[in-house]
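Below: one structure, written as structure tokens.
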Amino acid sequence: MTNLSTLLARFGGVNLLPVALALLAFVLIGQPSSWVTLTVAGLAMGMMIFLMASGLSLIFGLMDVLNFGHSAFVSFGAFVATSVLASLGSWVTGGSAALNALALLAAVGAATAFGAVGGWFFERVIVKPVYKDHLRQILITMGALIVAEQLILAVWGGAPVAVPRPAFLTGSIVVGDVAVETYRIFAFALGLAVYLVMHHALNRTRIGLLIRAGVENREMVEALGFRIDRLFVAVFMAGSALAAMGGAMWAGYQGLITPAIGPEMMILVFIVVIIGGLGSIQGSLLGAVLVGLLANYVAFLAPKLSLASNMLLMMAILLWRPYGLRPAIKG
Amino acid sequence: MNAILRLDDVHTDIGQYRVLHGISLDVPEGGVHVLLGRNGAGKTTTLRTIMGLWRARKGAIVFRHHDITHIRTPDIARLGIAYVPENMGIFGGLTVEENMRLATATGKFDPARLKRVLALFPAMEKFWTRQAFALSGGQKQMLAISRAIIERRDLILIDEPTKGLAPAIIRAMIDAFREIATETTILLVEQNFLFARSLGSTVAVIDDGRIIHRGGMAELAADEALQTRLLSLSLAAHQ
């Protein structure tokens, strides 16, 4: 086992897992065009899950808070973005790519801003009174999730809502036999851009340094003179904003949304956080890409197994690495 | 001599356990002052209470002219107190450079000060870009102390710095502490009496959450009967 780990580490370590999975799928699928379509779909799905999961991972890693209400921000993000797109009807459906892009920017921006403000409220009112008490955290954040779902039902109703897709993101790019949806490429690019910004912020800025240190040892960060509670608020707002952004993107991907959109995604989000390693952005990205790819490959190869596949993936990874693929280092 | 830190009848509880039962202690300004005691006597709790990491139920802690009994840990740190915990508190995922940068007020190093710290602990320069989890125990302790002195502090609280270290590293640590003590007051918690004796100017002995002896280190070092009574040890047993 040690030799296998050393060999794996020499060639890129656990980062190679998505590549290995893609190669295995290539052999099993047999048709290159289907494989490319599924791989792009998996990467796009993975990036959208990454948006939702990265914030949750940081919130748990830094604040030790089990936030079961995280999915409320995914749902709110989806509905706020849909409402903004619906209100900008002519910009969304018109022929001008610039207006299409502005409408999309407004929708994703509004969802993200809503998530940040909602995150601030959630942390101050719901989470702050129950720091250091996991049982109460679970109970109160589950309660808040139920309240949030009822709010969405009251505002948007329970019927499925169609999500307008900006014209410039409809259709596919066709290369030979391969057709790839434009929206998927956009979702992948946006997720990658967010990851790069987060990576830069965490590794090249003072606040990023504090967050990384806080994930490891909150007490010591305080003993060095920093108010960790202020960092908590900032990270909670950022995490909630990212969840809302992920919800907005996922809504456009699905095309039709219900108030259950957030809770439905939460199982995958939790799997990603657990297999990636708590508090680790790189781990979240790796886990999200694995989950996205596996979900798409299995849905094509063995549809009856698609629900179970990610659970099996989580079990296998936890048996191999109990703290996840790339957990934040502690001490 | 002026006291830089004064503890007056400090009581601290941890959960349902009463650990400190009225600690009163004056730490004079300048030099190394040692808090000795057996395991579980309350040494670490005393340091953590000073730092605000555990709250005093009763009593007062005064640093210079500031009553710090009820203020937050970050505010205590900003008054000029550094803390090196028993587990060193190193951020393993951060590099040596990042660990030290985090302890600077502005995020930038004072070149002269950095040069002085690296002269005290040359290994830090060698492993500057290495993640701290990969350092040895001795190197981690050096990093923890380097981090505490990378900015000018008035008082450094250090909890058992020699625990688990090789004799050669302990000797290097003694030299470093002597140098640090020329500009900063050190309150040192230690069980290694030889180490404590070679550095300390005053000593307080704590047992069962109370100070049972205070005085000069030279007097305690010269009185084996007193050592045996207070610490259940003798220098001979350590030599």
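By order in the structure tokens, chains are A, B, ...; within a chain, residues start at 1; ligands start at 1, following the order shown.
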
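Contact shell of Val92 in chain A at 12 Å (only C-alpha atoms; same-chain neighbours under 4 positions omitted): Thr82, Ser83, Val84, Leu85, Ala86, Ser87, Leu88, Ser96, Ala97, Ala98, Leu99, Asn100, Ala101, Leu102, Ala103, Leu104, Leu105, Ala106, Ala107, Val163, Pro164, Arg165, Pro166, Ala167, Phe168, Leu169 and Thr170 of chain A.
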
I need the chosen residues saved as a compact mmCIF listing (two decimals), in the first residue's frame, with N, CA and C atoms.
# COMPACT_ATOMS: atom_id res chain seq x y z
N THR A 82 -33.56 33.38 -11.39
CA THR A 82 -34.65 33.14 -12.34
C THR A 82 -35.56 34.36 -12.43
N SER A 83 -35.86 34.96 -11.29
CA SER A 83 -36.73 36.14 -11.30
C SER A 83 -36.07 37.30 -12.04
N VAL A 84 -34.77 37.49 -11.82
CA VAL A 84 -34.07 38.58 -12.51
C VAL A 84 -34.06 38.33 -14.02
N LEU A 85 -33.80 37.09 -14.42
CA LEU A 85 -33.79 36.76 -15.86
C LEU A 85 -35.18 36.96 -16.45
N ALA A 86 -36.21 36.57 -15.70
CA ALA A 86 -37.58 36.72 -16.21
C ALA A 86 -37.95 38.19 -16.36
N SER A 87 -37.46 39.02 -15.43
CA SER A 87 -37.79 40.44 -15.51
C SER A 87 -37.02 41.16 -16.62
N LEU A 88 -35.95 40.55 -17.09
CA LEU A 88 -35.15 41.16 -18.18
C LEU A 88 -35.41 40.41 -19.49
N SER A 96 -28.81 40.42 -29.13
CA SER A 96 -27.55 41.06 -28.73
C SER A 96 -26.83 40.23 -27.66
N ALA A 97 -25.65 39.77 -28.01
CA ALA A 97 -24.88 38.96 -27.04
C ALA A 97 -24.50 39.80 -25.83
N ALA A 98 -24.27 41.11 -26.05
CA ALA A 98 -23.89 41.99 -24.93
C ALA A 98 -25.03 42.08 -23.92
N LEU A 99 -26.27 42.27 -24.45
CA LEU A 99 -27.42 42.35 -23.55
C LEU A 99 -27.67 41.00 -22.86
N ASN A 100 -27.47 39.91 -23.60
CA ASN A 100 -27.59 38.57 -23.00
C ASN A 100 -26.63 38.44 -21.83
N ALA A 101 -25.40 38.86 -22.07
CA ALA A 101 -24.37 38.72 -21.03
C ALA A 101 -24.69 39.61 -19.83
N LEU A 102 -25.20 40.83 -20.13
CA LEU A 102 -25.57 41.73 -19.03
C LEU A 102 -26.68 41.12 -18.18
N ALA A 103 -27.66 40.51 -18.86
CA ALA A 103 -28.78 39.89 -18.13
C ALA A 103 -28.26 38.75 -17.24
N LEU A 104 -27.35 37.97 -17.81
CA LEU A 104 -26.80 36.86 -17.04
C LEU A 104 -25.98 37.38 -15.85
N LEU A 105 -25.19 38.42 -16.11
CA LEU A 105 -24.39 39.02 -15.05
C LEU A 105 -25.29 39.56 -13.94
N ALA A 106 -26.38 40.21 -14.36
CA ALA A 106 -27.32 40.76 -13.36
C ALA A 106 -27.94 39.64 -12.53
N ALA A 107 -28.31 38.54 -13.20
CA ALA A 107 -28.98 37.43 -12.50
C ALA A 107 -28.03 36.75 -11.51
N VAL A 163 -36.77 28.35 -16.22
CA VAL A 163 -35.66 29.30 -16.10
C VAL A 163 -35.28 29.77 -17.51
N PRO A 164 -35.46 31.08 -17.77
CA PRO A 164 -35.05 31.56 -19.10
C PRO A 164 -33.53 31.47 -19.24
N ARG A 165 -33.08 31.00 -20.39
CA ARG A 165 -31.62 30.90 -20.60
C ARG A 165 -31.21 31.97 -21.61
N PRO A 166 -30.23 32.79 -21.27
CA PRO A 166 -29.77 33.81 -22.22
C PRO A 166 -29.45 33.18 -23.59
N ALA A 167 -29.87 33.91 -24.65
CA ALA A 167 -29.78 33.33 -25.99
C ALA A 167 -28.36 32.90 -26.34
N PHE A 168 -27.37 33.67 -25.90
CA PHE A 168 -26.00 33.34 -26.32
C PHE A 168 -25.48 32.06 -25.65
N LEU A 169 -26.23 31.56 -24.67
CA LEU A 169 -25.79 30.31 -24.02
C LEU A 169 -26.66 29.12 -24.44
N THR A 170 -27.57 29.35 -25.38
CA THR A 170 -28.37 28.22 -25.87
C THR A 170 -27.61 27.55 -27.02

Taking only C-alpha atoms into account, find every residue of chain A that has an atom no more than 10 Å from chain B, and write it out as number ranges by chain. A: 203, 205-207, 209-210, 212-228, 328-331

Contacts of range 19-117 of chain B with range 166-182 of chain B up to 12 Å, shortest pair per row, only C-alpha atoms, as JSON lines:
{"residue": "B:Glu29", "atom": "CA", "partner": "B:Ala181", "partner_atom": "CA", "distance": 10.2}
{"residue": "B:Gly30", "atom": "CA", "partner": "B:Ala181", "partner_atom": "CA", "distance": 6.7}
{"residue": "B:Gly31", "atom": "CA", "partner": "B:Ala181", "partner_atom": "CA", "distance": 5.0}
{"residue": "B:Val32", "atom": "CA", "partner": "B:Ala181", "partner_atom": "CA", "distance": 6.3}
{"residue": "B:His33", "atom": "CA", "partner": "B:Ala181", "partner_atom": "CA", "distance": 9.9}
{"residue": "B:Arg113", "atom": "CA", "partner": "B:Ile180", "partner_atom": "CA", "distance": 11.8}
{"residue": "B:Arg116", "atom": "CA", "partner": "B:Glu179", "partner_atom": "CA", "distance": 10.1}
{"residue": "B:Val117", "atom": "CA", "partner": "B:Ile180", "partner_atom": "CA", "distance": 9.4}

The selected residues should be written to file as a PDB file, in the first residue's frame (atoms: C-alpha atoms).
ATOM      1  CA  GLU B  29       9.809  43.371  34.327  1.00  0.00           C
ATOM      2  CA  GLY B  30      12.794  41.963  32.444  1.00  0.00           C
ATOM      3  CA  GLY B  31      14.490  38.555  32.572  1.00  0.00           C
ATOM      4  CA  VAL B  32      13.137  35.041  32.757  1.00  0.00           C
ATOM      5  CA  HIS B  33      10.666  34.100  35.466  1.00  0.00           C
ATOM      6  CA  ARG B 113      14.387  42.164  13.308  1.00  0.00           C
ATOM      7  CA  ARG B 116      18.143  38.938  14.282  1.00  0.00           C
ATOM      8  CA  VAL B 117      15.533  36.174  14.627  1.00  0.00           C
TER       9      VAL B 117
END

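Our summary of the geometry notes that CA of Val235 in chain A is positioned 10.8 Å from CA of Ser54 in chain A.
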
Exercise: Lys115 in chain B partners within 12 Å, only C-alpha atoms, chain neighbours under 4 positions left out, as a PyMOL selection string: chain B and resi 109-111+119-122+124-125+146+149-150

Based on the selection just made, write N, CA and C atoms of those residues as a PDB file, in the first residue's frame.
ATOM      1  N   PHE B 109       7.731  42.134   7.196  1.00  0.00           N
ATOM      2  CA  PHE B 109       8.803  41.924   8.176  1.00  0.00           C
ATOM      3  C   PHE B 109       9.642  43.192   8.311  1.00  0.00           C
ATOM      4  N   ASP B 110      10.078  43.446   9.531  1.00  0.00           N
ATOM      5  CA  ASP B 110      11.110  44.458   9.757  1.00  0.00           C
ATOM      6  C   ASP B 110      12.435  43.750   9.448  1.00  0.00           C
ATOM      7  N   PRO B 111      13.149  44.170   8.388  1.00  0.00           N
ATOM      8  CA  PRO B 111      14.336  43.404   7.952  1.00  0.00           C
ATOM      9  C   PRO B 111      15.357  43.182   9.061  1.00  0.00           C
ATOM     10  N   ALA B 119      19.189  34.817  12.916  1.00  0.00           N
ATOM     11  CA  ALA B 119      20.509  34.552  13.492  1.00  0.00           C
ATOM     12  C   ALA B 119      20.378  33.672  14.743  1.00  0.00           C
ATOM     13  N   LEU B 120      19.272  33.886  15.477  1.00  0.00           N
ATOM     14  CA  LEU B 120      19.030  33.058  16.664  1.00  0.00           C
ATOM     15  C   LEU B 120      18.678  31.623  16.280  1.00  0.00           C
ATOM     16  N   PHE B 121      17.882  31.499  15.231  1.00  0.00           N
ATOM     17  CA  PHE B 121      17.415  30.174  14.800  1.00  0.00           C
ATOM     18  C   PHE B 121      17.694  30.001  13.291  1.00  0.00           C
ATOM     19  N   PRO B 122      18.927  29.695  12.932  1.00  0.00           N
ATOM     20  CA  PRO B 122      19.303  29.601  11.498  1.00  0.00           C
ATOM     21  C   PRO B 122      18.471  28.570  10.724  1.00  0.00           C
ATOM     22  N   MET B 124      15.438  28.227  10.623  1.00  0.00           N
ATOM     23  CA  MET B 124      14.233  28.840  10.046  1.00  0.00           C
ATOM     24  C   MET B 124      14.506  29.378   8.642  1.00  0.00           C
ATOM     25  N   GLU B 125      15.710  29.900   8.437  1.00  0.00           N
ATOM     26  CA  GLU B 125      16.069  30.408   7.116  1.00  0.00           C
ATOM     27  C   GLU B 125      16.211  29.250   6.133  1.00  0.00           C
ATOM     28  N   SER B 146      10.295  31.804  17.314  1.00  0.00           N
ATOM     29  CA  SER B 146      10.591  32.851  16.318  1.00  0.00           C
ATOM     30  C   SER B 146       9.340  33.683  16.047  1.00  0.00           C
ATOM     31  N   ILE B 149       8.625  36.246  18.672  1.00  0.00           N
ATOM     32  CA  ILE B 149       9.520  37.406  18.827  1.00  0.00           C
ATOM     33  C   ILE B 149       9.725  38.175  17.528  1.00  0.00           C
ATOM     34  N   ILE B 150       8.999  37.800  16.482  1.00  0.00           N
ATOM     35  CA  ILE B 150       9.202  38.488  15.196  1.00  0.00           C
ATOM     36  C   ILE B 150       8.727  39.937  15.280  1.00  0.00           C
TER      37      ILE B 150
END

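Taking CA of Ser57 in chain A and CA of Asp133 in chain A as endpoints, the distance between them is 17.9 Å.
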
Residues within 12 Å of Tyr323 in chain A, only C-alpha atoms, excluding chain neighbours under 2 positions, as a PyMOL selection string: chain A and resi 273-280+283+314-315+317-321+325-330

Selection file, N, CA and C atoms, as a compact mmCIF listing (two decimals), in the first residue's frame:
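Result saved to result.txt:
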# COMPACT_ATOMS: atom_id res chain seq x y z
N VAL A 273 -17.85 17.55 0.07
CA VAL A 273 -17.13 18.12 1.21
C VAL A 273 -16.41 17.01 1.98
N ILE A 274 -17.09 15.88 2.13
CA ILE A 274 -16.51 14.78 2.92
C ILE A 274 -15.36 14.11 2.17
N ILE A 275 -15.56 13.81 0.89
CA ILE A 275 -14.48 13.11 0.19
C ILE A 275 -13.32 14.03 -0.15
N GLY A 276 -13.61 15.33 -0.29
CA GLY A 276 -12.53 16.28 -0.58
C GLY A 276 -11.65 16.52 0.64
N GLY A 277 -12.26 16.48 1.82
CA GLY A 277 -11.53 16.81 3.06
C GLY A 277 -12.02 18.15 3.58
N LEU A 278 -12.43 18.16 4.84
CA LEU A 278 -13.04 19.36 5.40
C LEU A 278 -12.06 20.53 5.41
N GLY A 279 -12.56 21.69 5.00
CA GLY A 279 -11.76 22.91 5.07
C GLY A 279 -10.79 23.09 3.93
N SER A 280 -10.86 22.24 2.92
CA SER A 280 -9.89 22.31 1.83
C SER A 280 -10.57 22.65 0.51
N GLY A 283 -9.47 20.20 -2.14
CA GLY A 283 -10.20 18.96 -1.91
C GLY A 283 -11.62 19.06 -2.45
N MET A 314 -18.01 7.62 -2.15
CA MET A 314 -17.66 8.17 -0.83
C MET A 314 -17.16 7.07 0.10
N MET A 315 -17.87 5.93 0.08
CA MET A 315 -17.45 4.82 0.96
C MET A 315 -16.05 4.36 0.61
N ILE A 317 -13.63 5.98 -0.90
CA ILE A 317 -12.59 6.98 -0.57
C ILE A 317 -12.37 7.05 0.93
N LEU A 318 -13.46 6.97 1.71
CA LEU A 318 -13.28 7.05 3.16
C LEU A 318 -12.58 5.81 3.73
N LEU A 319 -12.78 4.67 3.06
CA LEU A 319 -12.06 3.47 3.50
C LEU A 319 -10.57 3.62 3.22
N TRP A 320 -10.26 4.30 2.11
CA TRP A 320 -8.87 4.50 1.71
C TRP A 320 -8.25 5.65 2.50
N ARG A 321 -8.97 6.79 2.52
CA ARG A 321 -8.47 7.98 3.21
C ARG A 321 -9.57 8.53 4.12
N LEU A 325 -9.69 13.20 0.53
CA LEU A 325 -8.57 13.15 -0.41
C LEU A 325 -7.51 14.21 -0.11
N ARG A 326 -7.95 15.44 0.17
CA ARG A 326 -6.98 16.50 0.43
C ARG A 326 -7.44 17.35 1.60
N PRO A 327 -7.45 16.78 2.80
CA PRO A 327 -7.93 17.55 3.96
C PRO A 327 -6.97 18.68 4.31
N ALA A 328 -7.50 19.69 4.97
CA ALA A 328 -6.63 20.76 5.47
C ALA A 328 -5.73 20.16 6.54
N ILE A 329 -4.46 20.56 6.50
CA ILE A 329 -3.50 20.02 7.49
C ILE A 329 -3.80 20.63 8.85
N LYS A 330 -3.79 19.78 9.86
CA LYS A 330 -4.00 20.29 11.23
C LYS A 330 -2.73 20.07 12.03

Where does DSSP see strand (DSSP E or B) in range 1-191 of chain A, if you list the residues as a ChimeraX atom specification? /A:161-162,172-175,178-181

Could the residues in this selection be saved with N, CA and C atoms as a PDB file, in the first residue's frame?
ATOM      1  N   VAL A 161     -40.860  26.183 -11.927  1.00  0.00           N
ATOM      2  CA  VAL A 161     -40.686  27.468 -12.609  1.00  0.00           C
ATOM      3  C   VAL A 161     -39.655  27.284 -13.725  1.00  0.00           C
ATOM      4  N   ALA A 162     -40.026  27.751 -14.938  1.00  0.00           N
ATOM      5  CA  ALA A 162     -39.087  27.642 -16.061  1.00  0.00           C
ATOM      6  C   ALA A 162     -38.024  28.722 -15.941  1.00  0.00           C
ATOM      7  N   SER A 172     -25.427  24.405 -29.064  1.00  0.00           N
ATOM      8  CA  SER A 172     -24.224  23.603 -28.802  1.00  0.00           C
ATOM      9  C   SER A 172     -23.107  23.999 -29.754  1.00  0.00           C
ATOM     10  N   ILE A 173     -21.921  23.641 -29.355  1.00  0.00           N
ATOM     11  CA  ILE A 173     -20.776  23.771 -30.257  1.00  0.00           C
ATOM     12  C   ILE A 173     -20.510  22.377 -30.814  1.00  0.00           C
ATOM     13  N   VAL A 174     -20.523  22.274 -32.134  1.00  0.00           N
ATOM     14  CA  VAL A 174     -20.356  20.957 -32.752  1.00  0.00           C
ATOM     15  C   VAL A 174     -18.984  20.878 -33.414  1.00  0.00           C
ATOM     16  N   VAL A 175     -18.236  19.863 -33.028  1.00  0.00           N
ATOM     17  CA  VAL A 175     -16.924  19.600 -33.656  1.00  0.00           C
ATOM     18  C   VAL A 175     -16.937  18.141 -34.091  1.00  0.00           C
ATOM     19  N   VAL A 178     -18.928  15.422 -32.253  1.00  0.00           N
ATOM     20  CA  VAL A 178     -19.106  15.813 -30.846  1.00  0.00           C
ATOM     21  C   VAL A 178     -19.907  17.103 -30.739  1.00  0.00           C
ATOM     22  N   ALA A 179     -20.963  17.072 -29.931  1.00  0.00           N
ATOM     23  CA  ALA A 179     -21.747  18.274 -29.670  1.00  0.00           C
ATOM     24  C   ALA A 179     -21.662  18.578 -28.175  1.00  0.00           C
ATOM     25  N   VAL A 180     -21.245  19.810 -27.873  1.00  0.00           N
ATOM     26  CA  VAL A 180     -21.125  20.193 -26.462  1.00  0.00           C
ATOM     27  C   VAL A 180     -21.979  21.432 -26.215  1.00  0.00           C
ATOM     28  N   GLU A 181     -22.851  21.361 -25.223  1.00  0.00           N
ATOM     29  CA  GLU A 181     -23.718  22.495 -24.902  1.00  0.00           C
ATOM     30  C   GLU A 181     -22.892  23.700 -24.471  1.00  0.00           C
TER      31      GLU A 181
END

So, counting only C-alpha atoms, which residue among B:Gln191, B:Ser201, B:Thr185, B:Thr228 is closest to Glu160 in chain B? B:Gln191
